[in-house]
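What follows is entry-v1.cif (mmCIF, C-alpha atoms).
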data_data
loop_
_atom_site.label_atom_id
_atom_site.label_comp_id
_atom_site.auth_asym_id
_atom_site.auth_seq_id
_atom_site.Cartn_x
_atom_site.Cartn_y
_atom_site.Cartn_z
CA MET S 1 0.00 0.00 0.00
CA ARG S 2 1.21 3.50 -0.78
CA ASP S 3 0.49 6.58 1.34
CA ILE S 4 -0.86 9.55 -0.61
CA SER S 5 -1.12 11.81 2.42
CA VAL S 6 -1.02 15.02 0.35
CA LEU S 7 -4.64 14.41 -0.60
CA GLN S 8 -7.37 15.51 1.81
CA PRO S 9 -10.51 13.46 2.66
CA ALA S 10 -12.81 16.11 1.22
CA VAL S 11 -11.02 15.95 -2.12
CA LEU S 12 -11.31 12.15 -2.08
CA ILE S 13 -15.06 12.30 -1.46
CA ILE S 14 -15.51 14.59 -4.48
CA ALA S 15 -13.36 12.24 -6.57
CA LEU S 16 -15.37 9.20 -5.50
CA LEU S 17 -18.69 10.82 -6.31
CA SER S 18 -17.39 12.00 -9.68
CA ALA S 19 -16.09 8.55 -10.52
CA SER S 20 -19.38 6.91 -9.61
CA SER S 21 -21.23 9.32 -11.91
CA VAL S 22 -18.91 8.44 -14.79
CA MET S 23 -19.34 4.72 -14.16
CA ALA S 24 -23.12 5.06 -13.98
CA ALA S 25 -23.11 6.85 -17.33
CA GLN S 26 -21.00 4.09 -18.86
CA GLN S 27 -23.39 1.43 -17.55
CA GLU S 28 -26.27 2.83 -19.60
CA THR S 29 -24.72 1.08 -22.59
CA ALA S 30 -23.05 -1.82 -20.75
CA PRO S 31 -24.58 -4.97 -19.21
CA LEU S 32 -24.98 -5.11 -15.44
CA ALA S 33 -22.13 -6.94 -13.68
CA SER S 34 -22.96 -10.33 -12.21
CA ASP S 35 -23.08 -10.98 -8.48
CA SER S 36 -19.68 -12.69 -8.47
CA GLU S 37 -18.12 -9.79 -10.38
CA GLN S 38 -19.48 -7.33 -7.82
CA GLY S 39 -17.82 -9.27 -5.01
CA TRP S 40 -20.85 -10.71 -3.21
CA GLY S 41 -19.26 -14.16 -2.95
CA ASN S 42 -16.09 -13.03 -1.24
CA ASP S 43 -15.61 -16.24 0.73
CA ASN S 44 -14.68 -17.96 -2.55
CA TRP S 45 -11.02 -17.11 -3.06
CA SER S 46 -10.33 -19.38 -6.02
CA ASP S 47 -7.71 -17.92 -8.35
CA ASP S 48 -8.72 -20.20 -11.23
CA SER S 49 -11.62 -18.00 -12.40
CA TRP S 50 -11.91 -18.49 -16.16
CA ALA S 51 -14.78 -17.36 -18.33
CA GLU S 52 -15.59 -17.60 -22.02
CA PRO S 53 -13.68 -15.02 -24.13
CA LYS S 54 -15.45 -11.71 -24.61
CA SER S 55 -14.83 -9.14 -27.28
CA THR S 56 -15.15 -6.07 -25.05
CA SER S 57 -14.22 -5.06 -21.52
CA SER S 58 -16.54 -3.51 -18.95
CA TRP S 59 -15.82 -1.40 -15.88
CA HIS S 60 -17.53 -1.90 -12.55
CA GLY S 61 -16.77 -1.49 -8.87
CA PHE S 62 -18.20 -0.07 -5.67
CA ILE S 63 -18.08 2.72 -3.15
CA GLU S 64 -17.97 1.56 0.45
CA GLY S 65 -17.93 3.27 3.81
CA GLY S 66 -16.93 1.40 6.96
CA LEU S 67 -16.73 2.23 10.65
CA GLY S 68 -15.47 0.09 13.53
CA ASN S 69 -14.79 0.76 17.19
CA ARG S 70 -13.32 -1.13 20.15
CA LEU S 71 -15.63 -2.43 22.83
CA SER S 72 -13.09 -1.42 25.49
CA HIS S 73 -10.05 0.83 25.56
CA ASP S 74 -6.61 -0.64 24.88
CA PRO S 75 -4.20 0.64 27.58
CA ALA S 76 -1.21 -0.05 25.31
CA LEU S 77 -2.42 2.73 22.99
CA ASN S 78 -2.56 5.38 25.71
CA ASP S 79 0.73 6.97 24.74
CA ARG S 80 -0.51 7.86 21.29
CA PHE S 81 -2.87 10.64 22.50
CA SER S 82 -5.01 10.26 19.38
CA PRO S 83 -8.78 10.75 19.21
CA VAL S 84 -9.04 7.61 17.07
CA ASP S 85 -7.29 5.26 19.52
CA ASP S 86 -10.53 3.31 19.99
CA ALA S 87 -11.34 3.16 16.27
CA THR S 88 -10.38 0.03 14.34
CA LEU S 89 -12.04 0.95 11.03
CA SER S 90 -12.75 4.28 9.39
CA ASP S 91 -12.70 3.76 5.63
CA LEU S 92 -14.17 5.46 2.59
CA ARG S 93 -13.24 3.26 -0.36
CA LEU S 94 -13.57 3.32 -4.13
CA ARG S 95 -13.05 0.09 -6.11
CA LEU S 96 -12.62 0.07 -9.89
CA GLU S 97 -12.09 -3.12 -11.86
CA THR S 98 -12.27 -4.40 -15.40
CA THR S 99 -11.49 -7.51 -17.42
CA GLY S 100 -11.12 -7.90 -21.13
CA TYR S 101 -9.54 -9.91 -23.93
CA ARG S 102 -6.98 -9.37 -26.64
CA GLY S 103 -7.64 -12.33 -28.87
CA ASN S 104 -7.55 -15.32 -26.52
CA ASP S 105 -5.43 -13.52 -23.93
CA ARG S 106 -7.14 -12.09 -20.85
CA TYR S 107 -6.24 -8.98 -18.86
CA ALA S 108 -7.63 -7.88 -15.50
CA LEU S 109 -7.30 -4.73 -13.43
CA LYS S 110 -8.64 -4.22 -9.91
CA ALA S 111 -7.63 -1.27 -7.73
CA ASP S 112 -8.82 0.44 -4.55
CA LEU S 113 -8.42 4.05 -3.46
CA TYR S 114 -9.47 4.74 0.11
CA ALA S 115 -9.28 7.28 2.90
CA ASP S 116 -8.18 5.62 6.14
CA GLY S 117 -9.27 7.62 9.18
CA VAL S 118 -7.40 5.34 11.61
CA ASP S 119 -3.98 5.70 9.98
CA GLN S 120 -4.82 9.26 8.86
CA GLY S 121 -4.06 9.07 5.15
CA VAL S 122 -5.32 8.34 1.65
CA ARG S 123 -3.99 5.11 0.18
CA GLY S 124 -4.06 3.00 -2.93
CA ASP S 125 -4.16 -0.80 -3.07
CA LEU S 126 -3.55 -2.49 -6.42
CA ARG S 127 -5.42 -5.76 -5.99
CA GLU S 128 -4.81 -7.09 -9.49
CA ALA S 129 -3.03 -6.06 -12.69
CA SER S 130 -2.57 -9.31 -14.58
CA TYR S 131 -2.26 -10.67 -18.11
CA THR S 132 -3.08 -14.32 -18.88
CA LEU S 133 -2.05 -16.13 -22.04
CA SER S 134 -1.85 -19.71 -23.32
CA PRO S 135 1.57 -20.16 -24.95
CA ILE S 136 0.97 -23.86 -25.72
CA ASP S 137 -1.94 -26.30 -25.53
CA ARG S 138 -3.24 -27.08 -22.02
CA THR S 139 -1.04 -24.39 -20.50
CA ASP S 140 -1.88 -20.99 -19.01
CA LEU S 141 0.57 -18.31 -17.89
CA LYS S 142 -0.69 -15.53 -15.62
CA LEU S 143 1.68 -12.60 -15.05
CA GLY S 144 1.48 -9.56 -12.79
CA GLN S 145 -0.13 -8.46 -9.54
CA GLN S 146 -2.65 -11.08 -8.40
CA VAL S 147 -4.32 -12.73 -5.41
CA LEU S 148 -3.32 -16.38 -5.05
CA THR S 149 -4.81 -19.12 -2.91
CA TRP S 150 -4.99 -22.88 -2.49
CA GLY S 151 -5.63 -25.46 0.20
CA THR S 152 -8.81 -26.79 1.80
CA GLY S 153 -9.07 -24.86 5.09
CA ASP S 154 -11.79 -22.39 6.00
CA LEU S 155 -9.86 -19.37 7.38
CA LEU S 156 -7.02 -21.79 8.29
CA PHE S 157 -3.96 -21.96 6.06
CA LEU S 158 -1.51 -24.85 6.12
CA ASN S 159 -0.04 -24.96 2.61
CA ASP S 160 -1.20 -21.53 1.46
CA LEU S 161 1.88 -19.38 2.01
CA PHE S 162 0.61 -16.49 -0.08
CA PRO S 163 0.35 -13.14 1.76
CA LYS S 164 -2.53 -12.37 4.13
CA ASP S 165 -3.76 -9.06 5.55
CA TRP S 166 -4.46 -9.69 9.24
CA GLN S 167 -4.95 -5.99 10.01
CA SER S 168 -7.90 -5.78 7.62
CA PHE S 169 -9.31 -9.10 8.86
CA PHE S 170 -9.31 -8.05 12.51
CA ALA S 171 -10.52 -4.50 11.78
CA GLY S 172 -13.79 -5.45 10.08
CA ARG S 173 -13.05 -5.03 6.40
CA ASP S 174 -14.63 -7.46 3.93
CA THR S 175 -13.27 -11.00 4.17
CA GLU S 176 -11.95 -10.54 0.63
CA TYR S 177 -9.18 -8.36 2.08
CA LEU S 178 -7.75 -11.17 4.20
CA LYS S 179 -5.99 -12.24 1.00
CA ALA S 180 -3.32 -9.72 0.06
CA PRO S 181 -2.02 -9.41 -3.52
CA ALA S 182 1.49 -10.26 -4.69
CA LEU S 183 3.56 -9.75 -7.83
CA ALA S 184 3.83 -13.24 -9.34
CA ALA S 185 4.10 -15.44 -12.38
CA LYS S 186 1.79 -18.46 -12.29
CA ALA S 187 2.09 -21.27 -14.85
CA SER S 188 -0.61 -23.96 -15.01
CA TYR S 189 -0.61 -27.20 -16.99
CA TYR S 190 -3.85 -29.19 -17.27
CA GLY S 191 -3.23 -32.90 -17.85
CA ASP S 192 -5.67 -35.76 -18.30
CA SER S 193 -5.17 -37.18 -14.80
CA ALA S 194 -3.53 -34.27 -12.92
CA SER S 195 -2.73 -30.58 -13.16
CA LEU S 196 0.43 -28.71 -12.22
CA ASP S 197 0.62 -25.14 -10.89
CA LEU S 198 3.95 -23.34 -10.48
CA VAL S 199 4.19 -19.91 -8.85
CA TRP S 200 7.22 -17.64 -8.70
CA MET S 201 7.09 -14.44 -6.64
CA PRO S 202 10.33 -12.56 -7.51
CA ASP S 203 9.86 -9.98 -4.73
CA TYR S 204 9.25 -11.45 -1.30
CA THR S 205 5.86 -10.32 0.00
CA SER S 206 5.17 -10.67 3.72
CA ASP S 207 1.81 -10.74 5.44
CA ARG S 208 0.30 -7.42 6.39
CA TYR S 209 0.81 -8.47 9.97
CA ILE S 210 -0.07 -6.88 13.32
CA ASN S 211 2.74 -4.36 13.78
CA GLY S 212 1.53 -2.16 16.65
CA GLU S 213 -0.05 0.56 14.54
CA ARG S 214 -3.75 -0.35 14.54
CA PHE S 215 -3.60 -3.09 17.19
CA SER S 216 -1.23 -3.74 20.07
CA TRP S 217 0.56 -7.09 20.39
CA PHE S 218 2.13 -9.09 23.20
CA SER S 219 5.89 -8.64 23.52
CA PRO S 220 7.68 -11.51 25.32
CA GLN S 221 10.58 -9.15 26.03
CA ALA S 222 8.35 -6.55 27.70
CA GLY S 223 5.97 -9.08 29.27
CA HIS S 224 2.87 -7.12 28.20
CA ASN S 225 1.16 -5.65 25.13
CA VAL S 226 2.98 -2.88 23.28
CA ALA S 227 2.01 -0.52 20.46
CA ALA S 228 3.46 2.21 18.28
CA PRO S 229 5.59 4.18 18.41
CA ALA S 230 7.87 2.32 20.84
CA GLY S 231 6.28 -1.06 20.15
CA ARG S 232 5.98 -0.78 16.39
CA ILE S 233 7.44 -3.72 14.44
CA ASP S 234 9.48 -2.37 11.56
CA ALA S 235 11.23 -5.41 10.10
CA GLU S 236 13.23 -5.18 6.90
CA GLU S 237 12.12 -7.70 4.32
CA PRO S 238 14.70 -9.93 2.58
CA ALA S 239 16.56 -8.17 -0.24
CA ASN S 240 15.17 -8.65 -3.73
CA SER S 241 17.14 -11.36 -5.52
CA PHE S 242 16.48 -14.62 -7.33
CA THR S 243 17.59 -16.67 -4.32
CA ASN S 244 15.23 -14.70 -2.06
CA GLY S 245 12.26 -15.14 -4.38
CA GLU S 246 9.35 -17.34 -3.31
CA PHE S 247 8.51 -20.55 -5.17
CA ALA S 248 5.32 -22.58 -4.73
CA ALA S 249 4.06 -25.68 -6.52
CA ARG S 250 0.88 -27.74 -6.52
CA ILE S 251 0.03 -31.02 -8.24
CA SER S 252 -3.70 -31.74 -8.09
CA GLY S 253 -6.24 -34.13 -9.53
CA SER S 254 -9.33 -36.16 -8.72
CA ILE S 255 -10.27 -39.80 -8.38
CA ASP S 256 -13.99 -40.27 -8.93
CA SER S 257 -15.45 -37.42 -6.81
CA THR S 258 -12.47 -37.06 -4.48
CA GLU S 259 -9.97 -34.24 -5.03
CA TRP S 260 -6.33 -34.56 -4.00
CA ALA S 261 -3.31 -32.23 -4.05
CA LEU S 262 0.39 -32.14 -3.19
CA TYR S 263 2.07 -28.86 -2.26
CA GLY S 264 5.53 -27.38 -1.95
CA TYR S 265 6.88 -23.96 -0.93
CA ARG S 266 10.34 -22.41 -0.67
CA GLY S 267 10.71 -18.93 0.79
CA PHE S 268 10.48 -17.20 4.15
CA GLN S 269 8.23 -17.00 7.18
CA LYS S 270 5.37 -14.64 6.36
CA GLN S 271 5.84 -12.65 9.57
CA PRO S 272 9.04 -11.44 11.33
CA ASN S 273 8.77 -13.89 14.23
CA ALA S 274 12.54 -14.22 14.79
CA LEU S 275 15.16 -11.95 16.35
CA ASP S 276 18.67 -11.32 15.05
CA SER S 277 21.77 -10.89 17.22
CA THR S 278 20.88 -7.24 17.90
CA GLY S 279 17.31 -8.06 18.97
CA HIS S 280 15.61 -6.74 15.83
CA PRO S 281 12.75 -8.76 14.26
CA VAL S 282 13.67 -10.56 11.03
CA PHE S 283 12.19 -13.00 8.52
CA THR S 284 13.78 -16.46 8.51
CA ARG S 285 13.74 -19.04 5.75
CA LEU S 286 10.95 -21.60 5.49
CA ASN S 287 10.31 -24.68 3.36
CA VAL S 288 6.92 -26.44 3.35
CA LEU S 289 5.71 -29.79 2.04
CA GLY S 290 2.07 -30.84 2.29
CA ALA S 291 -0.93 -32.70 0.91
CA SER S 292 -4.72 -32.48 0.99
CA VAL S 293 -7.80 -34.48 0.08
CA ARG S 294 -11.45 -33.43 -0.20
CA GLY S 295 -14.57 -35.38 -1.11
CA ASN S 296 -18.10 -36.42 -0.24
CA LEU S 297 -18.70 -38.11 3.09
CA GLY S 298 -22.25 -39.06 4.00
CA SER S 299 -24.48 -36.09 3.28
CA GLY S 300 -21.64 -33.56 3.55
CA LEU S 301 -18.19 -32.62 2.32
CA ALA S 302 -15.05 -33.67 4.22
CA ASN S 303 -11.48 -32.49 3.86
CA ALA S 304 -8.09 -33.30 5.37
CA GLU S 305 -4.79 -31.46 4.98
CA VAL S 306 -1.28 -31.88 6.37
CA ALA S 307 1.85 -29.73 6.16
CA LEU S 308 5.42 -29.93 7.40
CA HIS S 309 6.88 -26.45 8.01
CA MET S 310 10.67 -26.81 7.99
CA ALA S 311 12.07 -23.72 9.70
CA GLU S 312 15.57 -22.32 9.46
CA ASP S 313 16.42 -23.52 12.98
CA ASN S 314 15.66 -27.21 12.50
CA ASP S 315 17.21 -28.49 15.74
CA GLY S 316 15.26 -26.07 17.95
CA ARG S 317 18.25 -24.85 19.96
CA ASP S 318 17.90 -21.19 18.99
CA PRO S 319 14.99 -19.81 21.07
CA TYR S 320 14.90 -16.62 18.99
CA LYS S 321 13.91 -18.43 15.81
CA PRO S 322 10.70 -20.38 15.14
CA ASN S 323 10.87 -24.16 15.31
CA SER S 324 9.77 -26.51 12.59
CA GLN S 325 6.13 -27.59 12.88
CA PHE S 326 3.78 -30.35 11.80
CA ARG S 327 0.25 -29.16 11.03
CA LEU S 328 -2.95 -31.14 10.56
CA LEU S 329 -6.45 -30.06 9.54
CA LEU S 330 -9.68 -32.09 9.46
CA GLY S 331 -12.92 -30.52 8.29
CA TYR S 332 -16.54 -31.38 7.59
CA GLU S 333 -19.41 -29.31 6.16
CA ARG S 334 -23.05 -30.15 5.55
CA GLU S 335 -26.48 -28.57 5.29
CA LEU S 336 -28.37 -29.21 8.51
CA LEU S 337 -31.65 -27.71 7.29
CA PRO S 338 -32.62 -25.87 4.13
CA LYS S 339 -30.51 -22.67 4.05
CA LEU S 340 -28.68 -23.61 7.29
CA THR S 341 -25.09 -24.81 6.82
CA LEU S 342 -22.68 -26.08 9.48
CA GLY S 343 -18.91 -26.30 9.06
CA LEU S 344 -16.55 -27.88 11.62
CA GLN S 345 -12.75 -28.03 11.68
CA TYR S 346 -10.05 -29.51 13.91
CA TYR S 347 -6.57 -28.02 13.65
CA LEU S 348 -3.35 -29.29 15.25
CA GLU S 349 -0.02 -27.47 15.35
CA GLN S 350 2.88 -29.49 16.80
CA THR S 351 6.14 -27.68 17.57
CA LEU S 352 9.01 -30.04 16.74
CA ASP S 353 12.22 -30.26 18.79
CA TYR S 354 10.21 -28.80 21.66
CA ASP S 355 12.46 -30.13 24.44
CA ALA S 356 15.46 -28.35 22.89
CA LEU S 357 13.47 -25.12 22.61
CA GLU S 358 12.28 -25.28 26.21
CA ALA S 359 15.80 -25.99 27.49
CA ALA S 360 17.34 -23.10 25.52
CA SER S 361 14.61 -20.49 25.95
CA PRO S 362 14.87 -17.91 28.76
CA SER S 363 11.26 -16.83 28.17
CA PRO S 364 8.33 -18.01 30.30
CA TYR S 365 6.01 -17.40 27.32
CA ASN S 366 6.91 -20.38 25.15
CA PRO S 367 4.10 -21.82 23.00
CA GLU S 368 2.54 -25.15 23.88
CA GLU S 369 4.14 -28.18 22.24
CA TYR S 370 0.71 -29.16 20.92
CA ARG S 371 -1.55 -26.25 20.04
CA TYR S 372 -4.93 -27.30 18.76
CA LEU S 373 -8.16 -25.51 18.07
CA TYR S 374 -11.67 -26.10 16.83
CA THR S 375 -13.64 -23.90 14.47
CA THR S 376 -17.38 -23.74 13.87
CA ARG S 377 -19.13 -21.92 11.06
CA LEU S 378 -22.90 -21.47 10.96
CA ASN S 379 -24.53 -19.75 7.98
CA TYR S 380 -28.25 -19.14 7.61
CA ARG S 381 -29.77 -17.58 4.49
CA MET S 382 -33.25 -16.13 4.26
CA TRP S 383 -35.34 -13.75 2.14
CA GLN S 384 -34.19 -15.38 -1.11
CA ASP S 385 -30.58 -15.31 0.15
CA ASN S 386 -30.66 -11.53 0.52
CA LEU S 387 -30.19 -11.78 4.30
CA VAL S 388 -27.30 -13.91 5.56
CA TRP S 389 -26.58 -14.57 9.24
CA SER S 390 -23.14 -15.96 9.99
CA MET S 391 -21.11 -17.03 13.02
CA PHE S 392 -17.51 -18.23 12.84
CA VAL S 393 -15.75 -19.21 16.08
CA PHE S 394 -12.15 -20.25 16.77
CA TYR S 395 -11.62 -21.94 20.14
CA SER S 396 -8.31 -23.34 21.41
CA PRO S 397 -8.50 -25.63 24.48
CA SER S 398 -4.70 -25.79 24.65
CA ASP S 399 -4.33 -21.99 24.82
CA ASP S 400 -7.72 -21.47 26.48
CA ASP S 401 -8.55 -18.57 24.17
CA TYR S 402 -11.10 -17.81 21.46
CA TYR S 403 -11.99 -15.56 18.54
CA ALA S 404 -15.64 -15.13 17.45
CA ARG S 405 -16.83 -13.44 14.24
CA PRO S 406 -20.62 -12.88 14.22
CA SER S 407 -21.95 -11.03 11.18
CA VAL S 408 -25.08 -10.27 9.19
CA ASN S 409 -25.27 -9.16 5.56
CA TYR S 410 -28.35 -7.60 4.00
CA ARG S 411 -28.52 -7.17 0.25
CA HIS S 412 -31.13 -4.50 -0.32
CA SER S 413 -30.74 -4.54 -4.10
CA ASP S 414 -28.25 -5.41 -6.82
CA THR S 415 -26.39 -2.21 -5.98
CA LEU S 416 -26.85 -1.59 -2.25
CA SER S 417 -25.80 -3.85 0.64
CA PHE S 418 -25.16 -3.53 4.38
CA ASP S 419 -22.85 -5.48 6.72
CA LEU S 420 -22.78 -5.52 10.49
CA GLY S 421 -20.43 -7.66 12.55
CA ALA S 422 -17.92 -7.99 15.35
CA ASN S 423 -14.46 -9.36 16.13
CA LEU S 424 -14.49 -10.72 19.68
CA PHE S 425 -11.27 -11.96 21.31
CA GLY S 426 -10.67 -13.46 24.73
CA GLY S 427 -8.50 -15.77 26.78
CA ASP S 428 -7.15 -16.50 30.24
CA LYS S 429 -3.57 -15.69 29.24
CA GLY S 430 -2.55 -12.40 27.72
CA TYR S 431 0.29 -13.94 25.70
CA THR S 432 -1.65 -16.51 23.65
CA PHE S 433 -2.46 -15.82 20.01
CA PHE S 434 -6.08 -14.73 20.50
CA GLY S 435 -5.71 -13.70 24.16
CA GLN S 436 -3.31 -10.87 23.30
CA PHE S 437 -6.04 -9.15 21.25
CA GLU S 438 -8.73 -9.09 23.95
CA ASP S 439 -8.62 -5.26 24.08
CA ALA S 440 -8.94 -5.21 20.29
CA SER S 441 -12.48 -6.65 20.35
CA ASN S 442 -14.62 -4.43 18.13
CA ILE S 443 -17.93 -3.96 16.37
CA TYR S 444 -18.12 -2.69 12.80
CA GLY S 445 -20.54 -1.75 10.04
CA ARG S 446 -20.16 -1.25 6.29
CA VAL S 447 -22.38 0.17 3.54
CA ARG S 448 -21.57 -0.65 -0.09
CA TYR S 449 -22.94 0.80 -3.33
CA ALA S 450 -21.96 -1.30 -6.35
CA PHE S 451 -22.05 -0.05 -9.92
#

Represent the structure from my file as structure tokens, please.
Amino acid sequence: MRDISVLQPAVLIIALLSASSVMAAQQETAPLASDSEQGWGNDNWSDDSWAEPKSTSSWHGFIEGGLGNRLSHDPALNDRFSPVDDATLSDLRLRLETTGYRGNDRYALKADLYADGVDQGVRGDLREASYTLSPIDRTDLKLGQQVLTWGTGDLLFLNDLFPKDWQSFFAGRDTEYLKAPALAAKASYYGDSASLDLVWMPDYTSDRYINGERFSWFSPQAGHNVAAPAGRIDAEEPANSFTNGEFAARISGSIDSTEWALYGYRGFQKQPNALDSTGHPVFTRLNVLGASVRGNLGSGLANAEVALHMAEDNDGRDPYKPNSQFRLLLGYERELLPKLTLGLQYYLEQTLDYDALEAASPSPYNPEEYRYLYTTRLNYRMWQDNLVWSMFVFYSPSDDDYYARPSVNYRHSDTLSFDLGANLFGGDKGYTFFGQFEDASNIYGRVRYAF
């Protein structure tokens, strides 16, 4: 994201309204965008979205306003003396996007411009600027800025090492923004019995992680939550070079109605969860191997996924670097009643070489050797699917903490929709993953006008 702080919010509002008028005028001679193009199905993050070739391109997008506020004050933010300390979301956003074809080649552009009242600035976010071609039969090559995803988890990522935006996710922005874009080249080969996807990201792209600006985080060195400016994480990403580029691969196929996949990744940890010799946060190398399977089971859909995260410190004797981990996911989803869907997941995260870590670590805040959690998703649709009630809950018995995401979406028309929801954190220990964000619990609302 780039800061364009020289612009003022009032100027942005005028620009947004002017842009919407132009788009509305263009739509008088253009077909109305479909629901999926307007972003209503944002829980579907598939990056293999192909359509039949079209001769012309069309512009569409939306204007969205969002507000979010903490349910209690965060003491770690006291030193900032800002009137927006309790705000987690204060956005006015314009989205413009288009797709089109040059012969059989496809291009796509998707960009956001938004005023952020929490970080006090106007910013741009290029979500996609890609060009897709088919150099040979059964092969596609997609180049440029794009959002990538794979794996079988629902808001849990074992083999998906593409960048995430945790600040947007916790603040109350649309779930679409949990997936951050990256500059990449993706080659896909479609065989008779299996397909191969290869991804190269020449510039390392980290997660948009919690860095102390919008939310405080637990510091093992301080023994409590810290925030900017003193507690801001400002880690330098690995230098741009071929050896520091990220590589990911997936081989996938199906046997009868069961889908299977094998994964590989070579790159770096997505967050700076290691310390160098001077005590500064750094990104360490990471290699991942994994597999998944998904298919029908009874009257529902079941999935299983495993991953081995091979960290830079494989023997576990350096307490300032993350250990290698084994990760397991089991999931099941079915329709309980018409329009009522239940999804359940079990997730296990085993820290390897744990005895060596515990013996070498001077910190009393070491993670559990076995961290596991359960997730539950309930979705209920009514009024011809125009009103959707949703509840997603993470609960970890090993950490004794939780994260609940209740929400309701009302689609008033093809152009106007409303969202109301909350991010609720809690736990008995202030240093666990969800427990550290207890003072970040918030309620939010969004209004979107699509065109």

Can you work out which one of S:Phe326, S:Tyr449, S:Phe218, S:Phe433 has the shortest atom-to-atom distance to Gly65 in chain S, counting all atoms listed in the file? S:Tyr449

Which residue, S:Asp105, S:Asp165, S:Glu237, S:Asp160, has the smallest gap to Ser134 in chain S when you use all atoms listed in the file? S:Asp105

Please list as a list in words every residue within 9 Å of range 351-353 of chain S, counting all atoms listed in the file and excluding residues in the same chain fewer than 5 positions away.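 Result of the neighbour search: Asn314, Asp315, Gly316, Arg317, Pro322, Asn323, Ser324, Gln325, Phe326, Arg327, Glu358, Pro367, Glu368, Glu369, Tyr370 and Arg371 of chain S.
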
Could you give me, as a PDB file with C-alpha atoms, keeping the file's coordinate frame, the residues that have an atom at most 7 Å away from the point (-19.4, -14.9, 11.5) in the coordinates of the file, using all atoms listed in the file?
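result33.pdb, written as the output of this step:
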ATOM      1  CA  SER S 390     -23.140 -15.960   9.990  1.00  0.00           C
ATOM      2  CA  MET S 391     -21.110 -17.030  13.020  1.00  0.00           C
ATOM      3  CA  PHE S 392     -17.510 -18.230  12.840  1.00  0.00           C
ATOM      4  CA  ARG S 405     -16.830 -13.440  14.240  1.00  0.00           C
ATOM      5  CA  PRO S 406     -20.620 -12.880  14.220  1.00  0.00           C
ATOM      6  CA  SER S 407     -21.950 -11.030  11.180  1.00  0.00           C
TER       7      SER S 407
END

What's the 8 Å shell around Ser257 in chain S, counting only C-alpha atoms, without same-chain residues fewer than 2 positions away, as a VMD selection string? chain S and resid 254 to 255 259 295 to 296

With all atoms listed in the file as the atoms that count, which of S:Ala311, S:Leu289, S:Leu155, S:Ala184 lies nearest to Gly343 in chain S?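 For Gly343 in chain S, the nearest of the given residues is S:Leu155.
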
Name the residues captured by the PyMOL selection byres ((chain S and resi 147) around 12) when it is applied to the shown file; answer as JSON, numbers by chain. {"S": [44, 45, 46, 47, 48, 49, 108, 109, 110, 126, 127, 128, 129, 130, 142, 143, 144, 145, 146, 148, 149, 150, 160, 161, 162, 163, 164, 165, 176, 177, 178, 179, 180, 181, 182, 183, 184, 185, 186, 199, 201, 205]}

Residue IDs satisfying the PyMOL selection byres ((chain S and resi 307) around 7), as a list of chain:residue names: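 Evaluating the PyMOL selection byres ((chain S and resi 307) around 7) on these coordinates yields S:Leu158, S:Asn159, S:Val288, S:Leu289, S:Gly290, S:Ala291, S:Glu305, S:Val306, S:Leu308, S:His309, S:Phe326, S:Arg327, S:Leu328.
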
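Candidate residues S:Leu329, S:Ala404, S:Ala171, S:Ala194 were compared for distance to Asp91 in chain S, and the nearest is S:Ala171, using all atoms listed in the file.
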
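Of the residues under consideration (S:Arg208, S:Arg294, S:Arg123, S:His412), S:Arg208 shows the shortest atom-to-atom contact distance to Gln167 in chain S when counting all atoms listed in the file.
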
Distance CA of Val293 in chain S-CA of Glu349 in chain S, one decimal place?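 Interatomic distance here is 18.5 Å.
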
What's the separation between CA of Ser72 in chain S and CA of Asn366 in chain S, in Å to one decimal place?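 Separation of CA of Ser72 in chain S and CA of Asn366 in chain S: 27.6 Å.
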
Using only C-alpha atoms, find the one residue out of S:Pro135, S:Lys339, S:Pro364, S:Gln345 that sits nearest to Gln384 in chain S. S:Lys339

Check what the PyMOL selection byres ((chain S and resi 280) around 12) selects in the file above and give those residues as a PyMOL selection string. chain S and resi 221+231-236+272-279+281-283+320-321

Excluding Asn244 in chain S and residues on its chain fewer than 4 positions from it, collect all residues at most 12 Å away from it, counting all atoms listed in the file, and give them as a list in words. Trp200, Met201, Pro202, Asp203, Tyr204, Thr205, Glu237, Pro238, Ala239, Asn240, Arg266, Gly267, Phe268, Gln269, Phe283, Thr284, Arg285 and Leu286 of chain S

Would you work out the distance separating CA of Phe247 in chain S from CA of Gly264 in chain S, expressed in Å to one decimal? 8.1 Å

Need the shell around Arg250 in chain S: protein/DNA/RNA residues with any atom at most 8 Å away, counting all atoms listed in the file. Skip same-chain ones fewer than 4 positions apart. Format as a PyMOL selection string? chain S and resi 196-198+261-264

Enclose all atoms of range 145-164 of chain S listed in the file in an axis-aligned box, grow every side by 5 Å, and hand back centre and edge lengths in Å to one decimal, as lines of an AutoDock Vina configuration file.
center_x = -5.0
center_y = -17.6
center_z = -0.6
size_x = 23.7
size_y = 28.3
size_z = 27.8
